>>> print(open('final_14.pdb').read())   # PDB, C-alpha atoms
ATOM      1  CA  MET A   1      24.073  -6.846 -25.155  1.00  0.00           C
ATOM      2  CA  SER A   2      24.008  -3.634 -23.191  1.00  0.00           C
ATOM      3  CA  SER A   3      25.743  -0.901 -25.137  1.00  0.00           C
ATOM      4  CA  LYS A   4      25.485   2.789 -25.911  1.00  0.00           C
ATOM      5  CA  SER A   5      24.414   2.548 -29.536  1.00  0.00           C
ATOM      6  CA  SER A   6      23.119   5.578 -31.354  1.00  0.00           C
ATOM      7  CA  GLY A   7      20.590   6.198 -34.074  1.00  0.00           C
ATOM      8  CA  GLN A   8      17.075   4.952 -34.578  1.00  0.00           C
ATOM      9  CA  ASP A   9      17.588   1.679 -32.730  1.00  0.00           C
ATOM     10  CA  GLN A  10      18.570   3.245 -29.392  1.00  0.00           C
ATOM     11  CA  TYR A  11      16.690   1.882 -26.396  1.00  0.00           C
ATOM     12  CA  ARG A  12      17.357   2.968 -22.813  1.00  0.00           C
ATOM     13  CA  LEU A  13      16.148   0.780 -19.960  1.00  0.00           C
ATOM     14  CA  ILE A  14      15.854   2.597 -16.637  1.00  0.00           C
ATOM     15  CA  TYR A  15      15.625   0.643 -13.403  1.00  0.00           C
ATOM     16  CA  TRP A  16      16.911   0.564  -9.838  1.00  0.00           C
ATOM     17  CA  GLY A  17      20.580  -0.349  -9.613  1.00  0.00           C
ATOM     18  CA  GLY A  18      22.152  -3.497  -8.229  1.00  0.00           C
ATOM     19  CA  MET A  19      19.324  -6.009  -8.552  1.00  0.00           C
ATOM     20  CA  PRO A  20      17.566  -8.028 -11.276  1.00  0.00           C
ATOM     21  CA  GLY A  21      14.018  -7.076 -10.205  1.00  0.00           C
ATOM     22  CA  ARG A  22      11.283  -6.420 -12.727  1.00  0.00           C
ATOM     23  CA  GLY A  23      13.749  -4.779 -15.075  1.00  0.00           C
ATOM     24  CA  GLU A  24      15.412  -8.150 -15.640  1.00  0.00           C
ATOM     25  CA  PHE A  25      12.513  -9.400 -17.752  1.00  0.00           C
ATOM     26  CA  ALA A  26      13.197  -6.656 -20.298  1.00  0.00           C
ATOM     27  CA  ARG A  27      16.976  -7.089 -20.084  1.00  0.00           C
ATOM     28  CA  LEU A  28      16.632 -10.779 -20.857  1.00  0.00           C
ATOM     29  CA  ALA A  29      14.476 -10.058 -23.896  1.00  0.00           C
ATOM     30  CA  PHE A  30      17.049  -7.606 -25.260  1.00  0.00           C
ATOM     31  CA  GLU A  31      19.872 -10.010 -24.518  1.00  0.00           C
ATOM     32  CA  TYR A  32      18.124 -13.011 -26.079  1.00  0.00           C
ATOM     33  CA  ALA A  33      17.381 -11.021 -29.241  1.00  0.00           C
ATOM     34  CA  GLY A  34      20.931  -9.664 -29.346  1.00  0.00           C
ATOM     35  CA  HIS A  35      19.581  -6.139 -29.645  1.00  0.00           C
ATOM     36  CA  PRO A  36      21.699  -3.323 -28.170  1.00  0.00           C
ATOM     37  CA  TYR A  37      20.299  -1.194 -25.357  1.00  0.00           C
ATOM     38  CA  GLU A  38      21.607   1.137 -22.702  1.00  0.00           C
ATOM     39  CA  ASN A  39      21.016  -0.059 -19.163  1.00  0.00           C
ATOM     40  CA  ILE A  40      20.604   2.894 -16.812  1.00  0.00           C
ATOM     41  CA  ASP A  41      20.632   1.636 -13.243  1.00  0.00           C
ATOM     42  CA  ASN A  42      20.881   4.934 -11.452  1.00  0.00           C
ATOM     43  CA  SER A  43      18.291   5.420  -8.725  1.00  0.00           C
ATOM     44  CA  LYS A  44      18.498   9.205  -9.008  1.00  0.00           C
ATOM     45  CA  VAL A  45      17.557   9.019 -12.669  1.00  0.00           C
ATOM     46  CA  VAL A  46      14.568   6.833 -11.839  1.00  0.00           C
ATOM     47  CA  VAL A  47      13.277   9.076  -9.076  1.00  0.00           C
ATOM     48  CA  GLY A  48      13.907  12.265 -11.010  1.00  0.00           C
ATOM     49  CA  ASN A  49      12.254  11.145 -14.238  1.00  0.00           C
ATOM     50  CA  MET A  50       9.480   8.827 -13.181  1.00  0.00           C
ATOM     51  CA  ARG A  51       6.617  11.246 -12.512  1.00  0.00           C
ATOM     52  CA  ASN A  52       7.988  14.390 -14.071  1.00  0.00           C
ATOM     53  CA  VAL A  53       6.132  14.837 -17.374  1.00  0.00           C
ATOM     54  CA  LEU A  54       8.685  17.418 -18.491  1.00  0.00           C
ATOM     55  CA  LYS A  55      11.368  14.713 -18.390  1.00  0.00           C
ATOM     56  CA  SER A  56       9.520  11.496 -19.153  1.00  0.00           C
ATOM     57  CA  GLY A  57       6.509  12.778 -21.062  1.00  0.00           C
ATOM     58  CA  PHE A  58       2.815  12.080 -20.646  1.00  0.00           C
ATOM     59  CA  PRO A  59       1.474  10.077 -18.941  1.00  0.00           C
ATOM     60  CA  PRO A  60       3.690  10.167 -15.842  1.00  0.00           C
ATOM     61  CA  HIS A  61       4.993   6.802 -14.692  1.00  0.00           C
ATOM     62  CA  PHE A  62       4.058   5.076 -11.446  1.00  0.00           C
ATOM     63  CA  ALA A  63       7.090   2.817 -11.052  1.00  0.00           C
ATOM     64  CA  PRO A  64      10.094   1.471 -12.973  1.00  0.00           C
ATOM     65  CA  PRO A  65      11.150  -0.204 -15.136  1.00  0.00           C
ATOM     66  CA  MET A  66      10.834   2.435 -17.800  1.00  0.00           C
ATOM     67  CA  LEU A  67      11.947   2.096 -21.404  1.00  0.00           C
ATOM     68  CA  GLN A  68      12.875   5.028 -23.589  1.00  0.00           C
ATOM     69  CA  VAL A  69      12.122   3.957 -27.164  1.00  0.00           C
ATOM     70  CA  PRO A  70      13.941   5.208 -30.296  1.00  0.00           C
ATOM     71  CA  SER A  71      11.465   8.079 -30.760  1.00  0.00           C
ATOM     72  CA  GLY A  72      12.450   9.419 -27.354  1.00  0.00           C
ATOM     73  CA  GLN A  73       9.112   8.583 -25.761  1.00  0.00           C
ATOM     74  CA  MET A  74       8.949   6.618 -22.531  1.00  0.00           C
ATOM     75  CA  ILE A  75       6.822   3.587 -21.619  1.00  0.00           C
ATOM     76  CA  SER A  76       6.632   1.663 -18.353  1.00  0.00           C
ATOM     77  CA  GLN A  77       5.229  -1.465 -16.679  1.00  0.00           C
ATOM     78  CA  THR A  78       7.087  -4.726 -17.272  1.00  0.00           C
ATOM     79  CA  ALA A  79       4.409  -6.547 -19.258  1.00  0.00           C
ATOM     80  CA  ASN A  80       3.749  -3.455 -21.347  1.00  0.00           C
ATOM     81  CA  ILE A  81       7.451  -3.122 -22.216  1.00  0.00           C
ATOM     82  CA  LEU A  82       7.658  -6.789 -23.216  1.00  0.00           C
ATOM     83  CA  ASN A  83       4.493  -6.504 -25.282  1.00  0.00           C
ATOM     84  CA  TYR A  84       5.961  -3.496 -27.080  1.00  0.00           C
ATOM     85  CA  ILE A  85       9.333  -4.992 -27.975  1.00  0.00           C
ATOM     86  CA  ALA A  86       8.174  -8.574 -28.634  1.00  0.00           C
ATOM     87  CA  PRO A  87       7.087  -8.097 -32.277  1.00  0.00           C
ATOM     88  CA  LYS A  88      10.125  -5.924 -33.010  1.00  0.00           C
ATOM     89  CA  PHE A  89      12.499  -8.671 -31.835  1.00  0.00           C
ATOM     90  CA  ASP A  90      10.550 -11.624 -33.272  1.00  0.00           C
ATOM     91  CA  LEU A  91       9.485 -12.705 -29.765  1.00  0.00           C
ATOM     92  CA  ALA A  92       5.725 -12.357 -30.204  1.00  0.00           C
ATOM     93  CA  GLY A  93       5.035 -15.778 -31.716  1.00  0.00           C
ATOM     94  CA  THR A  94       3.270 -14.217 -34.694  1.00  0.00           C
ATOM     95  CA  GLN A  95       5.534 -15.407 -37.504  1.00  0.00           C
ATOM     96  CA  GLY A  96       3.431 -16.538 -40.463  1.00  0.00           C
ATOM     97  CA  LEU A  97       0.273 -14.962 -39.032  1.00  0.00           C
ATOM     98  CA  SER A  98      -1.562 -11.759 -39.920  1.00  0.00           C
ATOM     99  CA  GLY A  99      -4.596  -9.736 -38.978  1.00  0.00           C
ATOM    100  CA  GLU A 100      -6.804 -10.890 -36.132  1.00  0.00           C
ATOM    101  CA  GLU A 101      -4.983 -14.208 -35.862  1.00  0.00           C
ATOM    102  CA  ALA A 102      -1.689 -12.423 -35.201  1.00  0.00           C
ATOM    103  CA  GLU A 103      -3.308 -10.053 -32.696  1.00  0.00           C
ATOM    104  CA  VAL A 104      -4.831 -12.904 -30.722  1.00  0.00           C
ATOM    105  CA  ARG A 105      -1.537 -14.809 -30.749  1.00  0.00           C
ATOM    106  CA  ARG A 106       0.251 -11.737 -29.415  1.00  0.00           C
ATOM    107  CA  ALA A 107      -2.425 -11.378 -26.728  1.00  0.00           C
ATOM    108  CA  HIS A 108      -1.934 -15.013 -25.727  1.00  0.00           C
ATOM    109  CA  VAL A 109       1.798 -14.444 -25.287  1.00  0.00           C
ATOM    110  CA  ASN A 110       1.059 -11.398 -23.148  1.00  0.00           C
ATOM    111  CA  GLN A 111      -1.474 -13.442 -21.179  1.00  0.00           C
ATOM    112  CA  LEU A 112       1.230 -15.930 -20.221  1.00  0.00           C
ATOM    113  CA  VAL A 113       3.683 -13.141 -19.404  1.00  0.00           C
ATOM    114  CA  LEU A 114       1.121 -11.589 -17.056  1.00  0.00           C
ATOM    115  CA  THR A 115       0.623 -14.951 -15.364  1.00  0.00           C
ATOM    116  CA  VAL A 116       4.368 -15.257 -14.812  1.00  0.00           C
ATOM    117  CA  LEU A 117       4.439 -11.736 -13.378  1.00  0.00           C
ATOM    118  CA  ASP A 118       1.652 -12.647 -10.973  1.00  0.00           C
ATOM    119  CA  ILE A 119       3.892 -15.355  -9.544  1.00  0.00           C
ATOM    120  CA  ASN A 120       6.810 -12.936  -9.528  1.00  0.00           C
ATOM    121  CA  ASP A 121       4.796 -10.549  -7.356  1.00  0.00           C
ATOM    122  CA  GLU A 122       3.979 -13.421  -5.008  1.00  0.00           C
ATOM    123  CA  GLY A 123       7.714 -14.002  -4.645  1.00  0.00           C
ATOM    124  CA  HIS A 124       8.000 -10.692  -2.804  1.00  0.00           C
ATOM    125  CA  GLU A 125       4.815 -11.161  -0.805  1.00  0.00           C
ATOM    126  CA  ILE A 126       6.182 -14.401   0.643  1.00  0.00           C
ATOM    127  CA  HIS A 127       8.841 -12.636   2.691  1.00  0.00           C
ATOM    128  CA  HIS A 128       6.882  -9.399   3.122  1.00  0.00           C
ATOM    129  CA  PRO A 129       3.291 -10.597   3.619  1.00  0.00           C
ATOM    130  CA  VAL A 130       2.245  -7.800   5.987  1.00  0.00           C
ATOM    131  CA  GLY A 131       3.776  -4.723   4.408  1.00  0.00           C
ATOM    132  CA  ALA A 132       6.542  -3.818   1.961  1.00  0.00           C
ATOM    133  CA  SER A 133       7.569  -0.860   4.137  1.00  0.00           C
ATOM    134  CA  LEU A 134       8.235  -3.106   7.149  1.00  0.00           C
ATOM    135  CA  TYR A 135      11.449  -5.001   7.814  1.00  0.00           C
ATOM    136  CA  TYR A 136      11.430  -8.745   7.232  1.00  0.00           C
ATOM    137  CA  GLU A 137      12.251  -9.216  10.894  1.00  0.00           C
ATOM    138  CA  ASP A 138       8.955  -7.533  11.790  1.00  0.00           C
ATOM    139  CA  GLN A 139       6.918 -10.167   9.957  1.00  0.00           C
ATOM    140  CA  VAL A 140       8.895 -13.407  10.183  1.00  0.00           C
ATOM    141  CA  ASP A 141       6.056 -15.481  11.646  1.00  0.00           C
ATOM    142  CA  GLU A 142       3.634 -14.340   8.944  1.00  0.00           C
ATOM    143  CA  ALA A 143       6.317 -14.939   6.289  1.00  0.00           C
ATOM    144  CA  LYS A 144       6.796 -18.511   7.473  1.00  0.00           C
ATOM    145  CA  ARG A 145       3.082 -19.194   7.110  1.00  0.00           C
ATOM    146  CA  ARG A 146       3.015 -17.580   3.677  1.00  0.00           C
ATOM    147  CA  ALA A 147       6.098 -19.514   2.583  1.00  0.00           C
ATOM    148  CA  GLU A 148       4.592 -22.823   3.638  1.00  0.00           C
ATOM    149  CA  ALA A 149       1.487 -22.114   1.581  1.00  0.00           C
ATOM    150  CA  ALA A 150       3.640 -21.109  -1.387  1.00  0.00           C
ATOM    151  CA  ARG A 151       5.771 -24.245  -1.206  1.00  0.00           C
ATOM    152  CA  LYS A 152       2.841 -26.618  -0.785  1.00  0.00           C
ATOM    153  CA  GLU A 153       0.176 -24.972  -2.940  1.00  0.00           C
ATOM    154  CA  ARG A 154       1.234 -22.030  -5.087  1.00  0.00           C
ATOM    155  CA  PHE A 155       4.456 -23.355  -6.618  1.00  0.00           C
ATOM    156  CA  PRO A 156       2.935 -26.706  -7.668  1.00  0.00           C
ATOM    157  CA  LYS A 157      -0.131 -24.937  -9.073  1.00  0.00           C
ATOM    158  CA  PHE A 158       2.089 -22.589 -11.061  1.00  0.00           C
ATOM    159  CA  LEU A 159       4.217 -25.414 -12.472  1.00  0.00           C
ATOM    160  CA  GLU A 160       1.200 -27.568 -13.265  1.00  0.00           C
ATOM    161  CA  TYR A 161      -0.387 -24.749 -15.232  1.00  0.00           C
ATOM    162  CA  PHE A 162       2.663 -24.125 -17.400  1.00  0.00           C
ATOM    163  CA  ALA A 163       3.182 -27.847 -17.885  1.00  0.00           C
ATOM    164  CA  SER A 164      -0.355 -27.967 -19.276  1.00  0.00           C
ATOM    165  CA  VAL A 165       0.406 -25.048 -21.611  1.00  0.00           C
ATOM    166  CA  LEU A 166       3.462 -26.829 -22.983  1.00  0.00           C
ATOM    167  CA  GLU A 167       1.609 -30.118 -23.338  1.00  0.00           C
ATOM    168  CA  SER A 168      -1.352 -28.578 -25.158  1.00  0.00           C
ATOM    169  CA  ASN A 169       0.759 -26.533 -27.589  1.00  0.00           C
ATOM    170  CA  GLU A 170       0.891 -29.008 -30.472  1.00  0.00           C
ATOM    171  CA  GLU A 171       2.735 -26.540 -32.658  1.00  0.00           C
ATOM    172  CA  GLY A 172       5.533 -26.254 -30.107  1.00  0.00           C
ATOM    173  CA  SER A 173       5.899 -30.020 -29.499  1.00  0.00           C
ATOM    174  CA  GLY A 174       6.066 -29.487 -25.748  1.00  0.00           C
ATOM    175  CA  VAL A 175       9.142 -27.272 -26.084  1.00  0.00           C
ATOM    176  CA  TYR A 176       7.677 -23.788 -26.541  1.00  0.00           C
ATOM    177  CA  LEU A 177       4.811 -22.108 -24.706  1.00  0.00           C
ATOM    178  CA  ILE A 178       3.313 -20.449 -27.785  1.00  0.00           C
ATOM    179  CA  GLY A 179       3.988 -21.357 -31.402  1.00  0.00           C
ATOM    180  CA  ASN A 180       7.261 -23.026 -32.343  1.00  0.00           C
ATOM    181  CA  LYS A 181       9.760 -20.340 -31.374  1.00  0.00           C
ATOM    182  CA  THR A 182      10.887 -18.626 -28.201  1.00  0.00           C
ATOM    183  CA  THR A 183       8.660 -15.751 -27.107  1.00  0.00           C
ATOM    184  CA  THR A 184       8.788 -13.262 -24.262  1.00  0.00           C
ATOM    185  CA  ALA A 185       6.629 -15.742 -22.333  1.00  0.00           C
ATOM    186  CA  ASP A 186       9.367 -18.404 -22.460  1.00  0.00           C
ATOM    187  CA  ILE A 187      11.950 -15.839 -21.372  1.00  0.00           C
ATOM    188  CA  ALA A 188       9.793 -14.547 -18.507  1.00  0.00           C
ATOM    189  CA  LEU A 189       9.109 -18.073 -17.271  1.00  0.00           C
ATOM    190  CA  PHE A 190      12.822 -18.866 -17.360  1.00  0.00           C
ATOM    191  CA  HIS A 191      13.577 -15.876 -15.153  1.00  0.00           C
ATOM    192  CA  VAL A 192      10.948 -16.648 -12.520  1.00  0.00           C
ATOM    193  CA  LEU A 193      12.028 -20.291 -12.338  1.00  0.00           C
ATOM    194  CA  THR A 194      15.614 -19.139 -11.834  1.00  0.00           C
ATOM    195  CA  ALA A 195      14.530 -16.715  -9.121  1.00  0.00           C
ATOM    196  CA  MET A 196      12.379 -19.344  -7.432  1.00  0.00           C
ATOM    197  CA  GLU A 197      15.298 -21.763  -7.384  1.00  0.00           C
ATOM    198  CA  TYR A 198      17.506 -19.095  -5.812  1.00  0.00           C
ATOM    199  CA  ALA A 199      15.016 -18.312  -3.040  1.00  0.00           C
ATOM    200  CA  PHE A 200      13.773 -21.871  -2.453  1.00  0.00           C
ATOM    201  CA  PRO A 201      16.575 -24.254  -3.501  1.00  0.00           C
ATOM    202  CA  ARG A 202      15.393 -27.174  -1.376  1.00  0.00           C
ATOM    203  CA  ARG A 203      11.787 -26.938  -2.518  1.00  0.00           C
ATOM    204  CA  VAL A 204      12.680 -26.560  -6.194  1.00  0.00           C
ATOM    205  CA  ALA A 205      15.078 -29.508  -5.984  1.00  0.00           C
ATOM    206  CA  THR A 206      12.115 -31.632  -4.893  1.00  0.00           C
ATOM    207  CA  LEU A 207       9.795 -30.217  -7.542  1.00  0.00           C
ATOM    208  CA  LYS A 208      12.323 -30.985 -10.271  1.00  0.00           C
ATOM    209  CA  LYS A 209      11.919 -34.669  -9.469  1.00  0.00           C
ATOM    210  CA  VAL A 210       8.178 -34.610 -10.190  1.00  0.00           C
ATOM    211  CA  PRO A 211       7.660 -36.120 -13.687  1.00  0.00           C
ATOM    212  CA  LYS A 212       4.738 -33.870 -14.651  1.00  0.00           C
ATOM    213  CA  TYR A 213       6.894 -30.745 -14.187  1.00  0.00           C
ATOM    214  CA  LYS A 214       9.779 -32.035 -16.287  1.00  0.00           C
ATOM    215  CA  SER A 215       8.819 -30.056 -19.405  1.00  0.00           C
ATOM    216  CA  VAL A 216       8.739 -26.779 -17.466  1.00  0.00           C
ATOM    217  CA  PHE A 217      12.247 -27.204 -16.123  1.00  0.00           C
ATOM    218  CA  LYS A 218      13.465 -28.321 -19.547  1.00  0.00           C
ATOM    219  CA  LEU A 219      12.190 -24.999 -20.903  1.00  0.00           C
ATOM    220  CA  LYS A 220      14.272 -23.236 -18.262  1.00  0.00           C
ATOM    221  CA  GLU A 221      17.346 -25.196 -19.337  1.00  0.00           C
ATOM    222  CA  ARG A 222      16.663 -24.450 -23.010  1.00  0.00           C
ATOM    223  CA  VAL A 223      16.493 -20.686 -22.526  1.00  0.00           C
ATOM    224  CA  GLU A 224      19.403 -20.735 -20.095  1.00  0.00           C
ATOM    225  CA  GLY A 225      21.542 -22.587 -22.604  1.00  0.00           C
ATOM    226  CA  SER A 226      20.727 -20.389 -25.598  1.00  0.00           C
ATOM    227  CA  GLU A 227      23.827 -18.654 -26.926  1.00  0.00           C
ATOM    228  CA  ASN A 228      23.045 -15.040 -26.049  1.00  0.00           C
ATOM    229  CA  ILE A 229      21.503 -15.777 -22.659  1.00  0.00           C
ATOM    230  CA  ALA A 230      24.418 -18.025 -21.676  1.00  0.00           C
ATOM    231  CA  LYS A 231      26.843 -15.213 -22.512  1.00  0.00           C
ATOM    232  CA  TYR A 232      24.763 -12.711 -20.565  1.00  0.00           C
ATOM    233  CA  LEU A 233      24.508 -14.906 -17.479  1.00  0.00           C
ATOM    234  CA  ALA A 234      28.278 -15.312 -17.461  1.00  0.00           C
ATOM    235  CA  SER A 235      28.877 -11.569 -17.788  1.00  0.00           C
ATOM    236  CA  GLU A 236      29.077  -8.762 -15.236  1.00  0.00           C
ATOM    237  CA  ARG A 237      25.905  -7.302 -16.701  1.00  0.00           C
ATOM    238  CA  ARG A 238      23.849  -9.959 -14.950  1.00  0.00           C
ATOM    239  CA  LYS A 239      22.808  -8.594 -11.566  1.00  0.00           C
ATOM    240  CA  PRO A 240      22.932 -11.083  -8.667  1.00  0.00           C
ATOM    241  CA  PHE A 241      19.842 -11.973  -6.694  1.00  0.00           C
ATOM    242  CA  GLY A 242      19.842 -10.585  -3.192  1.00  0.00           C
ATOM    243  CA  ASN A 243      17.779  -7.876  -1.569  1.00  0.00           C
ATOM    244  CA  GLY A 244      15.158  -7.746  -4.309  1.00  0.00           C
ATOM    245  CA  ILE A 245      11.866  -9.389  -5.179  1.00  0.00           C
ATOM    246  CA  TRP A 246      13.071 -12.940  -4.546  1.00  0.00           C
ATOM    247  CA  ARG A 247      15.171 -13.359  -1.386  1.00  0.00           C
ATOM    248  CA  TYR A 248      16.730 -16.369   0.243  1.00  0.00           C
ATOM    249  CA  TYR A 249      15.842 -16.986   3.875  1.00  0.00           C
ATOM    250  CA  PRO A 250      16.696 -20.559   4.952  1.00  0.00           C
ATOM    251  CA  GLU A 251      13.828 -20.620   7.425  1.00  0.00           C
ATOM    252  CA  LEU A 252      11.321 -20.072   4.605  1.00  0.00           C
ATOM    253  CA  ASP A 253      12.577 -22.974   2.487  1.00  0.00           C
ATOM    254  CA  GLY A 254      11.687 -26.655   2.833  1.00  0.00           C
ATOM    255  CA  GLU A 255      11.637 -29.868   0.846  1.00  0.00           C
ATOM    256  CA  GLU A 256       8.030 -30.764   1.695  1.00  0.00           C
TER     257      GLU A 256
END
>>> encode(input="final_14.pdb", output="C-alpha cells")
Amino acid sequence: MSSKSSGQDQYRLIYWGGMPGRGEFARLAFEYAGHPYENIDNSKVVVGNMRNVLKSGFPPHFAPPMLQVPSGQMISQTANILNYIAPKFDLAGTQGLSGEEAEVRRAHVNQLVLTVLDINDEGHEIHHPVGASLYYEDQVDEAKRRAEAARKERFPKFLEYFASVLESNEEGSGVYLIGNKTTTADIALFHVLTAMEYAFPRRVATLKKVPKYKSVFKLKERVEGSENIAKYLASERRKPFGNGIWRYYPELDGEE
C-alpha cells in the first residue's frame, strides 16, 4: 500500500518512473506485507540523489532502486533492500529460529533471491545481448540467437532448479521455498515468472504443461492470489510491463 505515512515507519522507495523494473521486487514485498511506503518514481530525484553524498549519504549509490529507511539513511541494490526489510516484515523465514540458525536461514532466503535476480538480469540481456546502450534494432540477429538459447536451455534450467527447491523443502510441503511461510524469495520468484510470461507467452504456455514445473507455477498462482498482492495488481499502482527489463518481441518468442 503506497502512501505518505509519517513517523518512524516511513519508507521511501526511489526508482525510475513508469516501469516495474528492479524496484518492483521491493514494491511487492511492501505490498504483500501491507506496510505503507512512499513510491517516488521521479527520474530527476533518482539522478540528483543517487551519487550525491550530501543528499543520499555515504556511500554513494551506483544505481536505483534506493530505499530511504525510517532513520533517514539510504540503502540500494535490490537484493540488499529485500534482505533489509525481510525480517522487519516477517518475510525472512526465521520465525521460531534464533542465533546462527536464524542467520543461516536468512542467508538461504537471500541466496534464492539472488538466483532469481540473476535470471531477471538475463531477461534484459536476451533482447540487448550486445550492448544496453544500443537500440534493439541494432542487435536483432544476436537477440534471436540469445532468445533461442534462453527458451531451450535457460528457462527450463531455472524452473527445474526452483522445482527442486520446493520439492526438497519438507517444512514447506512443496508450497514454500524456505520454511512454511512466504518469504521475499517466493515474492521475487513470482515477479520473474510473471515477467517471463509477459515477454515469452508462447514459451511459458508450453512450460506450464510440463509436470515437473507444476509446483513452480502453483507458487506463482499462490502469491498472485494472496489478498494484498491481488489488490495491488488490480490497482493503478502496478506499473505495466513495457520498455523495461522484460520486453515482448514476437520474433523472440516460440513454443519449442
>>> resolve_selection(input="final_14.pdb", expression="the PyMOL selection byres ((chain A and resi 225-227) around 12)", output="PyMOL selection string")
chain A and resi 1+28+31-34+182+186-187+190+218-224+228-234
>>> resolve_selection(input="final_14.pdb", expression="the PyMOL selection byres ((chain A and resi 108) around 12)", output="PyMOL selection string")
chain A and resi 83+92-94+101-107+109-115+165+169+177-179+183-185
>>> residues_around(input="final_14.pdb", residues="Lys144 (chain A)", least_positions_apart="3", cutoff="9 Å", atoms="all atoms listed in the file", output="list in words")
Ile126, His127, Gln139, Val140, Asp141, Ala147, Glu148, Ala149, Glu251, Leu252 and Asp253 of chain A
>>> write_last_selection(input="final_14.pdb", atoms="C-alpha atoms", output="tab-separated table (two decimals), keeping the file's coordinate frame")
chain	number	residue	atom	x	y	z
A	126	ILE	CA	6.18	-14.40	0.64
A	127	HIS	CA	8.84	-12.64	2.69
A	139	GLN	CA	6.92	-10.17	9.96
A	140	VAL	CA	8.90	-13.41	10.18
A	141	ASP	CA	6.06	-15.48	11.65
A	147	ALA	CA	6.10	-19.51	2.58
A	148	GLU	CA	4.59	-22.82	3.64
A	149	ALA	CA	1.49	-22.11	1.58
A	251	GLU	CA	13.83	-20.62	7.42
A	252	LEU	CA	11.32	-20.07	4.61
A	253	ASP	CA	12.58	-22.97	2.49
>>> residues_around(input="final_14.pdb", residues="Arg27 (chain A)", least_positions_apart="4", cutoff="12 Å", atoms="all atoms listed in the file", output="ChimeraX atom specification")
/A:1-3,11-15,19-23,31-41,65-67,78,81-82,85,184,187-188,191,228-229,232-233,237-239
>>> atom_distance(input="final_14.pdb", atom1="CA of Pro87 (chain A)", atom2="CA of Asp9 (chain A)")
14.4 Å
>>> residues_near_point(input="final_14.pdb", point="(6.5, -11.7, 0.8)", cutoff="9 Å", atoms="all atoms listed in the file", output="list in words")
Asp121, Glu122, Gly123, His124, Glu125, Ile126, His127, His128, Pro129, Val130, Gly131, Ala132, Tyr136, Ala143, Arg146, Ala147, Ile245 and Trp246 of chain A
>>> atom_distance(input="final_14.pdb", atom1="CA of Arg145 (chain A)", atom2="CA of Gly254 (chain A)")
12.2 Å
>>> resolve_selection(input="final_14.pdb", expression="the PyMOL selection byres ((chain A and resi 163) around 9)", output="PyMOL selection string")
chain A and resi 158-162+164-168+174+212-216
>>> closest_residue(input="final_14.pdb", among="A:Asp118, A:Glu24, A:Glu137, A:Glu197", to="Gly244 (chain A)", atoms="all atoms listed in the file")
A:Glu24
>>> atom_distance(input="final_14.pdb", atom1="CA of Glu255 (chain A)", atom2="CA of Arg202 (chain A)")
5.1 Å
>>> closest_residue(input="final_14.pdb", among="A:Phe155, A:Phe89, A:Tyr248, A:Phe30", to="Val204 (chain A)", atoms="all atoms listed in the file")
A:Phe155
>>> closest_residue(input="final_14.pdb", among="A:Pro201, A:Gly172, A:Gly72, A:Gly17", to="Val46 (chain A)", atoms="all atoms listed in the file")
A:Gly17
>>> axis_aligned_box(input="final_14.pdb", around="region 15-26 of chain A", padding_each_side="5 Å", output="AutoDock Vina command-line options")
--center_x 16.7 --center_y -4.4 --center_z -14.3 --size_x 20.9 --size_y 20.0 --size_z 22.1
>>> closest_residue(input="final_14.pdb", among="A:Tyr198, A:Asn180, A:Gly18, A:Ala29", to="Ala86 (chain A)", atoms="all atoms listed in the file")
A:Ala29
